[in-house]
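So this one's target.cif, mmCIF, C-alpha atoms and all ligand atoms:
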```cif
data_coords
#
loop_
_atom_site.label_atom_id
_atom_site.label_comp_id
_atom_site.auth_asym_id
_atom_site.auth_seq_id
_atom_site.Cartn_x
_atom_site.Cartn_y
_atom_site.Cartn_z
CA MET A 66 0.00 0.00 0.00
CA PRO A 67 1.30 3.51 -0.75
CA ASN A 68 2.08 5.73 2.26
CA THR A 69 -1.34 7.06 3.22
CA ILE A 70 -2.67 9.84 5.40
CA LEU A 71 -6.16 9.26 6.74
CA VAL A 72 -8.07 12.34 7.88
CA GLY A 73 -11.54 13.11 9.15
CA ALA A 74 -13.30 15.53 6.80
CA GLN A 75 -16.00 16.89 9.12
CA TRP A 76 -16.17 17.54 12.88
CA GLY A 77 -14.74 14.14 13.85
CA ASP A 78 -16.60 10.88 14.53
CA GLU A 79 -16.74 10.16 10.79
CA GLY A 80 -16.07 6.48 11.45
CA LYS A 81 -12.29 6.73 10.99
CA GLY A 82 -11.75 3.81 13.36
CA LYS A 83 -13.47 1.40 11.05
CA VAL A 84 -11.79 2.70 7.88
CA ILE A 85 -8.36 2.63 9.53
CA ASP A 86 -9.08 -0.92 10.60
CA VAL A 87 -9.90 -1.89 7.01
CA LEU A 88 -6.82 -0.15 5.54
CA THR A 89 -4.53 -1.50 8.24
CA ALA A 90 -4.72 -4.92 6.65
CA GLN A 91 -2.53 -3.51 3.82
CA ALA A 92 -0.18 -1.39 5.97
CA ASP A 93 2.99 -2.36 7.84
CA VAL A 94 3.26 0.57 10.23
CA ILE A 95 0.36 2.58 11.64
CA VAL A 96 1.15 5.94 13.20
CA ARG A 97 -1.20 8.19 15.12
CA TYR A 98 -0.14 11.80 14.54
CA GLN A 99 -2.11 14.19 16.76
CA GLY A 100 -4.72 14.64 19.45
CA GLY A 101 -4.94 12.89 22.75
CA SER A 102 -7.31 10.64 24.60
CA ASN A 103 -10.13 13.10 23.86
CA ALA A 104 -10.61 11.18 20.61
CA GLY A 105 -12.05 7.73 20.39
CA HIS A 106 -11.98 5.21 17.59
CA THR A 107 -14.52 2.42 17.66
CA VAL A 108 -13.75 -0.85 15.91
CA ILE A 109 -16.15 -3.74 15.85
CA THR A 110 -14.68 -7.04 14.81
CA GLY A 111 -15.35 -10.67 15.62
CA GLY A 112 -18.49 -9.57 17.46
CA ARG A 113 -16.44 -7.53 19.91
CA LYS A 114 -16.36 -3.75 20.25
CA TYR A 115 -13.05 -2.04 20.98
CA VAL A 116 -12.86 1.65 21.83
CA LEU A 117 -9.32 2.98 21.53
CA HIS A 118 -8.33 6.50 22.51
CA LEU A 119 -4.56 6.63 22.04
CA ILE A 120 -3.20 3.40 20.65
CA PRO A 121 -3.66 3.03 16.87
CA SER A 122 -6.34 0.48 16.09
CA GLY A 123 -3.69 -1.37 14.06
CA ILE A 124 -2.87 -3.03 17.37
CA LEU A 125 -5.93 -5.25 16.79
CA HIS A 126 -4.13 -6.80 13.80
CA ALA A 127 -1.41 -9.30 14.70
CA GLY A 128 2.07 -8.36 13.58
CA LYS A 129 1.47 -4.68 12.80
CA GLN A 130 3.84 -2.07 14.19
CA CYS A 131 1.99 0.78 15.91
CA VAL A 132 3.44 4.15 16.77
CA ILE A 133 2.17 7.08 18.82
CA GLY A 134 3.82 10.00 17.05
CA ASN A 135 5.36 13.18 18.44
CA GLY A 136 2.25 15.23 17.54
CA VAL A 137 0.10 13.35 20.04
CA VAL A 138 -0.28 14.51 23.62
CA LEU A 139 -0.82 11.65 25.98
CA ASP A 140 -1.63 11.04 29.55
CA PRO A 141 0.59 8.16 30.75
CA PHE A 142 -2.20 6.82 32.94
CA ASP A 143 -4.71 6.75 30.11
CA LEU A 144 -2.18 4.92 28.00
CA LEU A 145 -1.47 2.37 30.72
CA ARG A 146 -5.20 1.75 31.14
CA GLU A 147 -5.53 1.16 27.41
CA ILE A 148 -2.60 -1.26 27.43
CA GLU A 149 -4.27 -3.17 30.27
CA MET A 150 -7.61 -3.18 28.44
CA LEU A 151 -5.93 -4.80 25.41
CA ARG A 152 -4.18 -7.36 27.59
CA GLY A 153 -7.61 -8.26 28.95
CA TYR A 154 -8.46 -9.29 25.37
CA ASP A 155 -5.19 -11.24 25.00
CA ILE A 156 -3.60 -8.55 22.83
CA GLU A 157 -0.07 -7.78 23.98
CA PRO A 158 1.14 -4.32 22.89
CA ALA A 159 4.75 -4.77 24.11
CA GLY A 160 7.09 -5.20 21.17
CA ARG A 161 4.54 -3.77 18.71
CA LEU A 162 3.81 -0.38 20.24
CA LEU A 163 6.26 2.51 20.31
CA ILE A 164 5.70 5.94 21.83
CA SER A 165 7.61 8.93 20.56
CA SER A 166 10.00 10.32 23.15
CA ARG A 167 9.06 13.72 21.67
CA ALA A 168 5.33 13.39 22.37
CA HIS A 169 4.17 15.78 25.06
CA MET A 170 2.43 14.53 28.15
CA VAL A 171 -0.94 15.54 29.44
CA MET A 172 -0.14 15.96 33.10
CA ARG A 173 -2.65 15.70 35.88
CA TRP A 174 -2.48 19.45 36.43
CA HIS A 175 -3.49 19.99 32.81
CA ARG A 176 -6.68 18.06 33.44
CA ALA A 177 -7.38 19.98 36.63
CA LEU A 178 -6.86 23.30 34.82
CA ASP A 179 -8.98 22.21 31.84
CA ALA A 180 -11.94 21.25 34.03
CA ALA A 181 -11.63 24.30 36.28
CA ASP A 182 -11.34 26.69 33.32
CA GLU A 183 -14.36 25.22 31.52
CA ALA A 184 -16.40 25.28 34.75
CA ARG A 185 -15.75 28.97 35.41
CA ARG A 186 -16.63 30.08 31.86
CA ALA A 187 -20.06 31.59 31.29
CA SER A 188 -22.43 29.15 29.58
CA ASP A 189 -22.13 30.90 26.18
CA ARG A 190 -18.31 30.93 26.43
CA LYS A 191 -17.80 27.23 27.09
CA ILE A 192 -15.67 25.44 24.47
CA GLY A 193 -17.21 22.03 25.06
CA THR A 194 -13.86 20.36 25.76
CA THR A 195 -13.81 16.78 27.00
CA GLY A 196 -12.05 18.07 30.14
CA ARG A 197 -9.11 15.73 29.57
CA GLY A 198 -6.41 18.36 29.69
CA ILE A 199 -5.64 18.32 25.99
CA GLY A 200 -5.85 22.11 25.53
CA PRO A 201 -3.59 22.94 28.49
CA ALA A 202 -1.10 20.24 27.40
CA TYR A 203 -0.80 21.70 23.90
CA GLY A 204 -0.64 25.15 25.52
CA ALA A 205 2.32 24.03 27.62
CA LYS A 206 3.96 22.52 24.53
CA MET A 207 3.70 25.73 22.54
CA GLY A 208 4.58 27.83 25.60
CA ARG A 209 7.77 25.74 25.91
CA ARG A 210 6.99 24.57 29.40
CA GLY A 211 5.71 21.11 28.54
CA LEU A 212 7.04 17.75 29.63
CA ARG A 213 7.71 15.13 26.99
CA ILE A 214 7.46 11.37 27.25
CA GLY A 215 11.25 11.17 27.05
CA ASP A 216 11.45 13.34 30.19
CA LEU A 217 9.84 10.50 32.17
CA LEU A 218 13.19 8.76 32.05
CA GLY A 219 15.28 11.82 32.99
CA ASP A 220 16.72 12.72 36.40
CA GLY A 221 14.90 15.98 37.01
CA PHE A 222 11.42 14.69 36.18
CA LEU A 223 10.01 14.25 39.68
CA ASP A 224 11.30 17.67 40.73
CA ALA A 225 9.49 19.17 37.75
CA VAL A 226 6.31 17.40 38.86
CA ARG A 227 6.63 18.88 42.35
CA GLU A 228 7.23 22.38 41.06
CA ALA A 229 4.36 22.31 38.56
CA THR A 230 1.95 20.88 41.15
CA ARG A 231 2.72 23.74 43.55
CA GLU A 232 2.29 26.36 40.84
CA THR A 233 -0.97 24.82 39.61
CA ASN A 234 -2.37 24.62 43.12
CA GLU A 235 -2.01 28.38 43.45
CA THR A 236 -4.12 28.90 40.33
CA LEU A 237 -6.68 26.27 41.30
CA ALA A 238 -7.03 27.77 44.77
CA ALA A 239 -7.54 31.22 43.24
CA TRP A 240 -10.29 29.80 41.02
CA GLY A 241 -11.91 28.03 43.99
CA ALA A 242 -11.24 24.60 42.44
CA PRO A 243 -9.96 21.49 44.30
CA THR A 244 -6.14 21.32 44.55
CA LEU A 245 -3.76 18.41 43.80
CA CYS A 246 -1.75 16.26 46.23
CA GLU A 247 1.97 16.61 45.43
CA GLU A 248 3.10 13.33 47.02
CA GLU A 249 0.39 11.33 45.29
CA LEU A 250 1.42 12.73 41.92
CA VAL A 251 5.10 12.02 42.47
CA ALA A 252 4.39 8.40 43.44
CA ASP A 253 2.03 7.86 40.50
CA TYR A 254 4.41 9.35 37.92
CA ARG A 255 7.35 7.35 39.27
CA ALA A 256 5.36 4.15 38.71
CA ALA A 257 4.18 5.29 35.25
CA ALA A 258 7.74 6.00 34.14
CA GLU A 259 8.78 2.44 34.95
CA ALA A 260 5.75 0.90 33.26
CA LEU A 261 6.21 2.91 30.04
CA ARG A 262 10.00 2.63 29.77
CA PRO A 263 9.93 -0.30 27.28
CA TYR A 264 7.70 1.56 24.84
CA ILE A 265 9.58 4.87 24.59
CA ALA A 266 11.66 5.40 21.43
CA ASP A 267 12.88 7.95 18.89
CA THR A 268 10.04 7.14 16.53
CA VAL A 269 11.11 9.70 13.91
CA ALA A 270 14.02 7.35 13.22
CA THR A 271 11.80 4.26 13.36
CA VAL A 272 9.18 5.59 10.94
CA ASN A 273 11.75 6.84 8.44
CA ALA A 274 13.71 3.60 8.63
CA ALA A 275 10.50 1.70 7.89
CA ASP A 276 9.86 3.97 4.91
CA ARG A 277 13.39 3.46 3.57
CA ALA A 278 12.91 -0.28 3.93
CA GLY A 279 9.89 -0.05 1.62
CA LYS A 280 7.28 -0.64 4.31
CA SER A 281 3.91 0.99 3.86
CA ILE A 282 2.91 3.54 6.43
CA LEU A 283 -0.60 4.57 7.43
CA LEU A 284 -0.75 7.91 9.23
CA GLU A 285 -3.98 8.29 11.17
CA GLY A 286 -5.46 11.48 12.49
CA ALA A 287 -8.05 11.93 15.19
CA GLN A 288 -10.94 14.45 15.22
CA GLY A 289 -11.55 16.14 11.89
CA THR A 290 -10.82 19.02 9.53
CA MET A 291 -13.44 21.36 10.98
CA LEU A 292 -11.92 20.90 14.44
CA ASP A 293 -8.42 21.82 13.23
CA ILE A 294 -6.84 24.61 15.28
CA ASP A 295 -5.97 26.51 12.08
CA PHE A 296 -8.68 25.52 9.60
CA GLY A 297 -11.63 24.69 11.83
CA THR A 298 -14.36 26.80 13.41
CA TYR A 299 -12.00 28.54 15.82
CA PRO A 300 -12.27 28.78 18.84
CA PHE A 301 -14.64 25.77 18.82
CA VAL A 302 -11.83 23.48 17.77
CA THR A 303 -9.30 21.05 19.15
CA SER A 304 -5.77 22.20 20.02
CA SER A 305 -3.89 20.42 17.23
CA ASN A 306 -3.85 19.90 13.45
CA PRO A 307 -5.95 16.89 12.41
CA THR A 308 -5.57 17.97 8.77
CA ALA A 309 -3.07 16.31 6.43
CA GLY A 310 -0.21 18.72 7.20
CA GLY A 311 -0.36 17.60 10.81
CA ALA A 312 0.54 14.08 9.70
CA CYS A 313 4.03 15.25 8.73
CA THR A 314 4.69 17.55 11.69
CA GLY A 315 3.21 14.93 14.00
CA THR A 316 5.41 12.04 12.87
CA GLY A 317 8.58 13.37 11.24
CA LEU A 318 7.79 11.74 7.91
CA SER A 319 8.49 14.21 5.10
CA PRO A 320 5.60 15.48 2.90
CA ARG A 321 7.60 14.12 -0.04
CA ARG A 322 7.11 10.59 1.30
CA ILE A 323 3.31 10.81 1.34
CA ASP A 324 1.62 9.11 -1.62
CA ARG A 325 -2.05 9.75 -1.02
CA VAL A 326 -4.69 11.16 1.28
CA VAL A 327 -7.91 9.40 2.24
CA GLY A 328 -10.71 11.57 3.64
CA VAL A 329 -13.31 9.91 5.84
CA ILE A 330 -16.71 11.55 5.57
CA LYS A 331 -20.16 10.61 6.82
CA CYS A 332 -23.11 10.65 4.43
CA TYR A 333 -24.64 13.23 6.77
CA THR A 334 -23.04 15.52 9.34
CA THR A 335 -22.54 15.41 13.10
CA ARG A 336 -20.82 17.57 15.62
CA VAL A 337 -20.23 17.08 19.32
CA GLY A 338 -19.89 20.03 21.68
CA ALA A 339 -20.46 23.71 21.01
CA GLY A 340 -19.82 25.71 17.85
CA PRO A 341 -21.30 26.51 14.46
CA PHE A 342 -23.04 23.75 12.52
CA PRO A 343 -24.95 25.18 9.53
CA THR A 344 -26.91 22.06 8.53
CA GLU A 345 -27.92 21.05 12.05
CA LEU A 346 -31.38 19.47 12.42
CA ALA A 347 -32.95 20.25 15.77
CA ASP A 348 -36.03 18.19 14.91
CA ALA A 349 -37.33 14.62 14.64
CA THR A 350 -35.11 13.90 11.61
CA GLY A 351 -32.03 14.92 13.62
CA GLU A 352 -33.18 12.70 16.47
CA HIS A 353 -33.74 9.79 14.09
CA LEU A 354 -30.18 10.14 12.72
CA ARG A 355 -28.83 10.28 16.28
CA GLN A 356 -30.62 7.11 17.36
CA LYS A 357 -30.13 5.13 14.16
CA GLY A 358 -26.50 6.24 13.80
CA GLY A 359 -25.69 5.69 17.48
CA GLU A 360 -24.47 9.26 17.56
CA PHE A 361 -23.19 9.43 21.10
CA GLY A 362 -19.53 10.26 21.78
CA ALA A 363 -17.14 7.28 22.06
CA THR A 364 -15.16 9.15 24.72
CA THR A 365 -17.77 11.03 26.73
CA GLY A 366 -21.12 9.48 25.74
CA ARG A 367 -22.36 12.99 24.87
CA PRO A 368 -25.17 13.05 22.28
CA ARG A 369 -23.88 14.32 18.95
CA ARG A 370 -25.70 17.07 17.07
CA CYS A 371 -26.91 15.72 13.70
CA GLY A 372 -27.72 17.32 10.36
CA TRP A 373 -27.74 17.02 6.59
CA PHE A 374 -24.64 16.46 4.48
CA ASP A 375 -22.74 19.70 3.96
CA ALA A 376 -20.89 19.82 0.65
CA VAL A 377 -19.33 23.18 1.56
CA VAL A 378 -17.54 21.41 4.40
CA GLY A 379 -16.69 18.46 2.13
CA ARG A 380 -15.19 20.70 -0.58
CA TYR A 381 -13.21 22.63 2.00
CA ALA A 382 -11.84 19.40 3.50
CA ALA A 383 -10.95 18.13 0.03
CA MET A 384 -8.98 21.32 -0.61
CA VAL A 385 -7.19 21.67 2.73
CA ASN A 386 -6.18 18.00 2.89
CA GLY A 387 -5.74 17.25 -0.81
CA VAL A 388 -8.11 14.29 -0.59
CA ASP A 389 -7.52 11.68 -3.31
CA PHE A 390 -10.04 9.11 -2.12
CA TRP A 391 -13.12 9.33 0.01
CA ALA A 392 -14.19 6.74 2.50
CA MET A 393 -17.90 7.51 2.92
CA THR A 394 -19.52 6.05 5.98
CA LYS A 395 -22.91 5.39 7.52
CA LEU A 396 -24.98 5.33 4.35
CA ASP A 397 -27.27 2.81 6.10
CA VAL A 398 -28.27 5.44 8.66
CA LEU A 399 -30.17 7.23 5.89
CA ASP A 400 -32.08 4.10 4.79
CA GLU A 401 -35.39 5.31 6.23
CA GLN A 402 -35.35 8.90 4.97
CA PRO A 403 -38.02 9.55 2.31
CA THR A 404 -36.19 12.69 1.15
CA LEU A 405 -32.59 13.76 1.62
CA LYS A 406 -31.24 17.27 1.65
CA ILE A 407 -27.72 18.20 0.61
CA CYS A 408 -26.25 21.61 1.39
CA THR A 409 -24.46 22.91 -1.71
CA ALA A 410 -23.64 26.48 -0.61
CA TYR A 411 -24.39 29.05 2.11
CA LEU A 412 -26.46 32.16 1.58
CA ARG A 413 -25.78 35.22 3.75
CA ASP A 414 -28.79 37.31 4.86
CA ASP A 415 -27.79 40.04 2.36
CA GLY A 416 -27.75 37.60 -0.56
CA VAL A 417 -23.99 36.89 -0.73
CA ARG A 418 -23.38 33.26 -1.64
CA TYR A 419 -20.52 31.22 -0.15
CA GLU A 420 -19.21 28.16 -1.96
CA THR A 421 -16.27 27.80 0.41
CA PHE A 422 -16.29 27.75 4.20
CA PRO A 423 -16.06 31.28 5.66
CA SER A 424 -13.30 31.91 8.21
CA ASP A 425 -15.39 34.44 10.14
CA LEU A 426 -17.90 32.90 12.51
CA GLY A 427 -19.83 36.18 12.46
CA VAL A 428 -20.37 35.71 8.73
CA LEU A 429 -21.29 32.09 9.26
CA SER A 430 -23.93 33.01 11.82
CA ARG A 431 -25.64 35.14 9.14
CA CYS A 432 -25.68 32.27 6.64
CA THR A 433 -28.31 29.66 5.92
CA PRO A 434 -27.69 26.51 3.90
CA VAL A 435 -28.78 26.30 0.27
CA TYR A 436 -30.26 22.83 -0.14
CA GLU A 437 -31.00 20.53 -3.01
CA GLU A 438 -33.21 17.51 -2.46
CA MET A 439 -32.95 13.91 -3.55
CA PRO A 440 -35.36 11.03 -3.06
CA GLY A 441 -34.48 8.44 -0.41
CA TRP A 442 -34.18 4.72 -1.23
CA LEU A 443 -36.25 3.39 1.72
CA THR A 444 -34.47 0.03 1.56
CA PRO A 445 -32.05 -1.52 4.08
CA THR A 446 -28.46 -1.37 2.76
CA SER A 447 -26.42 -2.98 5.54
CA ALA A 448 -26.53 -6.50 4.09
CA ILE A 449 -25.40 -5.37 0.63
CA THR A 450 -21.88 -6.46 -0.27
CA ARG A 451 -21.40 -5.00 -3.77
CA TYR A 452 -21.70 -1.36 -4.74
CA ASP A 453 -23.67 -2.23 -7.86
CA ASP A 454 -26.29 -4.01 -5.74
CA LEU A 455 -27.20 -0.84 -3.87
CA PRO A 456 -30.58 0.73 -4.68
CA VAL A 457 -30.25 3.07 -7.66
CA LYS A 458 -31.34 6.02 -5.54
CA ALA A 459 -28.67 5.27 -2.93
CA ARG A 460 -25.98 5.20 -5.62
CA ALA A 461 -27.34 8.41 -7.08
CA TYR A 462 -27.09 10.08 -3.66
CA VAL A 463 -23.51 8.91 -3.04
CA GLU A 464 -22.43 9.88 -6.55
CA ARG A 465 -23.97 13.32 -6.17
CA LEU A 466 -22.04 13.86 -2.94
CA VAL A 467 -18.77 12.91 -4.64
CA GLU A 468 -19.60 15.12 -7.60
CA LEU A 469 -20.15 18.09 -5.28
CA ILE A 470 -16.96 17.65 -3.25
CA GLY A 471 -14.56 16.28 -5.88
CA GLY A 472 -12.14 13.35 -5.60
CA ARG A 473 -12.96 9.66 -6.00
CA LEU A 474 -14.96 7.24 -3.91
CA GLY A 475 -12.68 4.54 -2.48
CA ILE A 476 -14.76 2.96 0.29
CA LEU A 477 -18.44 3.03 1.10
CA SER A 478 -19.45 1.84 4.53
CA VAL A 479 -22.97 0.52 5.10
CA GLY A 480 -22.75 -0.72 8.68
CA PRO A 481 -20.56 -0.72 11.79
CA ALA A 482 -18.93 -4.14 11.30
CA ARG A 483 -15.68 -4.68 9.39
CA GLU A 484 -17.58 -6.85 6.91
CA THR A 485 -20.05 -4.12 5.92
CA THR A 486 -17.53 -2.25 3.80
CA LEU A 487 -17.81 -1.86 0.04
CA ARG A 488 -14.37 -1.46 -1.53
CA LEU A 489 -14.06 0.59 -4.69
CA GLY A 490 -10.38 0.83 -5.48
CA LEU A 491 -9.04 1.35 -1.98
P1 LIG B 1 -14.11 8.00 14.63
O1 LIG B 1 -13.73 8.87 15.80
O2 LIG B 1 -14.07 8.77 13.35
O3 LIG B 1 -13.36 6.72 14.58
O4 LIG B 1 -15.64 7.66 14.81
P2 LIG B 1 -16.29 6.81 15.97
O5 LIG B 1 -15.62 5.50 16.04
O6 LIG B 1 -16.40 7.58 17.22
O7 LIG B 1 -17.77 6.71 15.42
C1 LIG B 1 -18.10 5.90 14.49
C2 LIG B 1 -19.20 5.02 14.99
O8 LIG B 1 -19.97 4.66 13.89
C3 LIG B 1 -18.73 3.74 15.60
O9 LIG B 1 -19.62 3.33 16.60
C4 LIG B 1 -18.72 2.77 14.43
O10 LIG B 1 -18.87 1.43 14.80
C5 LIG B 1 -19.90 3.26 13.66
N1 LIG B 1 -19.84 3.11 12.21
C6 LIG B 1 -18.76 3.26 11.39
N2 LIG B 1 -19.12 3.11 10.10
C7 LIG B 1 -20.46 2.86 10.10
C8 LIG B 1 -21.43 2.65 9.09
O11 LIG B 1 -21.15 2.64 7.89
N3 LIG B 1 -22.72 2.46 9.49
C9 LIG B 1 -23.09 2.46 10.79
N4 LIG B 1 -24.37 2.29 11.10
N5 LIG B 1 -22.20 2.67 11.79
C10 LIG B 1 -20.91 2.87 11.44
#
```
Can the structure from this file be put into structure tokens for me?
Amino acid sequence: MPNTILVGAQWGDEGKGKVIDVLTAQADVIVRYQGGSNAGHTVITGGRKYVLHLIPSGILHAGKQCVIGNGVVLDPFDLLREIEMLRGYDIEPAGRLLISSRAHMVMRWHRALDAADEARRASDRKIGTTGRGIGPAYGAKMGRRGLRIGDLLGDGFLDAVREATRETNETLAAWGAPTLCEEELVADYRAAAEALRPYIADTVATVNAADRAGKSILLEGAQGTMLDIDFGTYPFVTSSNPTAGGACTGTGLSPRRIDRVVGVIKCYTTRVGAGPFPTELADATGEHLRQKGGEFGATTGRPRRCGWFDAVVGRYAAMVNGVDFWAMTKLDVLDEQPTLKICTAYLRDDGVRYETFPSDLGVLSRCTPVYEEMPGWLTPTSAITRYDDLPVKARAYVERLVELIGGRLGILSVGPARETTLRLGL
């Protein structure tokens, strides 16, 4: 398989976990390049459901090398819990999982600050973070006061923990939030350092050596394009770059070594947390999509907001990421819709038409979607195994979406299980 970047094209939860799982079969090395345990990939295989937050889902395939790249921020305790969870299923990550020594850590004080900051914001100023400390950890990274996984093994680490705990406690006390116990943190981090020691490596060297040896590399992002810190609906975004560029900065693999980009996109749209969502359906249709699509967060269980497919978002994602192939997911969720709407552009209240996603949220708030309608197929699609066997109206819908956003269709997913995947050249 050519070296491939896999990105989410909407607001995350596009079903990347399943597509990664399918593509992993053809990859040798799977590298996660950004985000933290605020993301969750769900893979259903062999009748069992696995929810992974940090470890690439490639770990579910025997013999695949998995890497947590330098662009990820990770909480050592979350990672250890995930390793234990896999062991409970007789999957042993040791020897197959490497963690970049350059990856920054989400420290316990980052979580405390995240939760306390979100709690003290006025209701209309809340970001809707998962409260897992991801924002503060990336803040510390960019502010050059972060701690990296490699630091776990250094001499001064526990002193740094003590110092940061004291400083954080001053802030937490000022905000009226519960403070942290210094001795407990020191003991916990000492134990975590020992447990993680065998996994820590200079993965920039590992990934590039694999590339030189002709291995195929799958670079997987978490979240999605519209949550990108630079290209998303700022400030209602995540603190990293889920878009394709982030795959290079988050792993150390050069852009010149990337062969193709796969965009994962749902046949409708969802968003979790606060922020603009032009095609949102706050009605019975939205509720139907939520129930039928199981649209509740893999990490927090929060109900996702649901709406019609937004081709403005799709086109924007195609452009920013350079999408070659689409993996379209969850077609089956639309099986019972008599009529489907597709947003093709936005119309501002003064008549200005937007074909591309506006950067200004003030502009966006004045826009309404321009819709076209297509008839639904009103037939179950989950048992269908060949694209050509899909109802004509379902194919027409999918083909219209691809026509509107450009690129080629590579995978069409019609159900949660690994088997319900129609392959079209990917
Ligand atoms: P990710 O963060 O992009 O990996 O998305 P999630 O894993 O959080 O959400 C995807 C959810 O949709 C999971 O529960 C999947 O099992 C499920 N899923 C993926 N593809 C399909 C599909 O084609 N149809 C249906 N009904 N469910 C799907």
Any idea what's packed within 9 Å of range 160-173 of chain A, counting only C-alpha atoms, ignoring anything in its chain fewer than 3 positions away? Could you give it as a ChimeraX atom specification? /A:101,120-121,124,128-141,157,176-178,197-199,201-203,205-206,211-216,226,230,245,250,261,263-269,315-316
Emit the selected residues as an mmCIF file, in the frame of the given file, including C-alpha atoms.
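Dumped to again21.cif:
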```cif
data_model
loop_
_atom_site.group_PDB
_atom_site.id
_atom_site.type_symbol
_atom_site.label_atom_id
_atom_site.label_comp_id
_atom_site.auth_asym_id
_atom_site.auth_seq_id
_atom_site.Cartn_x
_atom_site.Cartn_y
_atom_site.Cartn_z
ATOM 1 C CA GLY A 101 -4.940 12.890 22.750
ATOM 2 C CA ILE A 120 -3.200 3.400 20.650
ATOM 3 C CA PRO A 121 -3.660 3.030 16.870
ATOM 4 C CA ILE A 124 -2.870 -3.030 17.370
ATOM 5 C CA GLY A 128 2.070 -8.360 13.580
ATOM 6 C CA LYS A 129 1.470 -4.680 12.800
ATOM 7 C CA GLN A 130 3.840 -2.070 14.190
ATOM 8 C CA CYS A 131 1.990 0.780 15.910
ATOM 9 C CA VAL A 132 3.440 4.150 16.770
ATOM 10 C CA ILE A 133 2.170 7.080 18.820
ATOM 11 C CA GLY A 134 3.820 10.000 17.050
ATOM 12 C CA ASN A 135 5.360 13.180 18.440
ATOM 13 C CA GLY A 136 2.250 15.230 17.540
ATOM 14 C CA VAL A 137 0.100 13.350 20.040
ATOM 15 C CA VAL A 138 -0.280 14.510 23.620
ATOM 16 C CA LEU A 139 -0.820 11.650 25.980
ATOM 17 C CA ASP A 140 -1.630 11.040 29.550
ATOM 18 C CA PRO A 141 0.590 8.160 30.750
ATOM 19 C CA GLU A 157 -0.070 -7.780 23.980
ATOM 20 C CA ARG A 176 -6.680 18.060 33.440
ATOM 21 C CA ALA A 177 -7.380 19.980 36.630
ATOM 22 C CA LEU A 178 -6.860 23.300 34.820
ATOM 23 C CA ARG A 197 -9.110 15.730 29.570
ATOM 24 C CA GLY A 198 -6.410 18.360 29.690
ATOM 25 C CA ILE A 199 -5.640 18.320 25.990
ATOM 26 C CA PRO A 201 -3.590 22.940 28.490
ATOM 27 C CA ALA A 202 -1.100 20.240 27.400
ATOM 28 C CA TYR A 203 -0.800 21.700 23.900
ATOM 29 C CA ALA A 205 2.320 24.030 27.620
ATOM 30 C CA LYS A 206 3.960 22.520 24.530
ATOM 31 C CA GLY A 211 5.710 21.110 28.540
ATOM 32 C CA LEU A 212 7.040 17.750 29.630
ATOM 33 C CA ARG A 213 7.710 15.130 26.990
ATOM 34 C CA ILE A 214 7.460 11.370 27.250
ATOM 35 C CA GLY A 215 11.250 11.170 27.050
ATOM 36 C CA ASP A 216 11.450 13.340 30.190
ATOM 37 C CA VAL A 226 6.310 17.400 38.860
ATOM 38 C CA THR A 230 1.950 20.880 41.150
ATOM 39 C CA LEU A 245 -3.760 18.410 43.800
ATOM 40 C CA LEU A 250 1.420 12.730 41.920
ATOM 41 C CA LEU A 261 6.210 2.910 30.040
ATOM 42 C CA PRO A 263 9.930 -0.300 27.280
ATOM 43 C CA TYR A 264 7.700 1.560 24.840
ATOM 44 C CA ILE A 265 9.580 4.870 24.590
ATOM 45 C CA ALA A 266 11.660 5.400 21.430
ATOM 46 C CA ASP A 267 12.880 7.950 18.890
ATOM 47 C CA THR A 268 10.040 7.140 16.530
ATOM 48 C CA VAL A 269 11.110 9.700 13.910
ATOM 49 C CA GLY A 315 3.210 14.930 14.000
ATOM 50 C CA THR A 316 5.410 12.040 12.870
#
```
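With all atoms listed in the file as the atoms that count, the minimum distance from Arg367 in chain A to the choices A:Ala339, A:Val326, A:Ile449, A:Val435 is reached by A:Ala339.
Distances to ligand LIG 1 (chain B) were evaluated for A:Thr365, A:Gln356, A:Thr271, A:Ser478 using all atoms listed in the file, and the minimum falls at A:Ser478.
Minimum atom-to-atom distance to ligand LIG 1 (chain B), evaluated using all atoms listed in the file, belongs to A:Ala482 out of A:Ala482, A:Leu466, A:Cys432, A:Leu405.
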As a quick test: using only C-alpha atoms and all ligand atoms, which residues lie no more than 6 Å away from ligand LIG 1 (chain B)? Give them as a list of chain:residue names.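 With only C-alpha atoms and all ligand atoms and a cut-off of 6 Å, ligand LIG 1 (chain B) is contacted by A:Gly77, A:Asp78, A:Glu79, A:Gly80, A:Lys81, A:Gly82, A:Lys83, A:Gly105, A:His106, A:Thr107, A:Val108, A:Ile109, A:Gly358, A:Ala363, A:Thr394, A:Lys395, A:Leu396, A:Asp397, A:Val398, A:Ser478, A:Val479, A:Gly480, A:Pro481.
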May I ask which of the residues A:Ala180, A:Leu489, A:Leu477, A:Ala256 is the closest one to Ala242 in chain A, counting all atoms listed in the file?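 When distances to Ala242 in chain A are compared using all atoms listed in the file, the smallest one comes from A:Ala180.
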Shell of 10 Å around Glu360 in chain A, all atoms listed in the file, local chain residues under 3 positions omitted, as a compact mmCIF listing (two decimals) with C-alpha atoms, in the frame of the given file:
```txt
# COMPACT_ATOMS: atom_id res chain seq x y z
CA ASP A 78 -16.60 10.88 14.53
CA THR A 335 -22.54 15.41 13.10
CA ARG A 336 -20.82 17.57 15.62
CA VAL A 337 -20.23 17.08 19.32
CA GLU A 352 -33.18 12.70 16.47
CA HIS A 353 -33.74 9.79 14.09
CA LEU A 354 -30.18 10.14 12.72
CA ARG A 355 -28.83 10.28 16.28
CA GLN A 356 -30.62 7.11 17.36
CA LYS A 357 -30.13 5.13 14.16
CA ALA A 363 -17.14 7.28 22.06
CA GLY A 366 -21.12 9.48 25.74
CA ARG A 367 -22.36 12.99 24.87
CA PRO A 368 -25.17 13.05 22.28
CA ARG A 369 -23.88 14.32 18.95
CA ARG A 370 -25.70 17.07 17.07
CA CYS A 371 -26.91 15.72 13.70
```
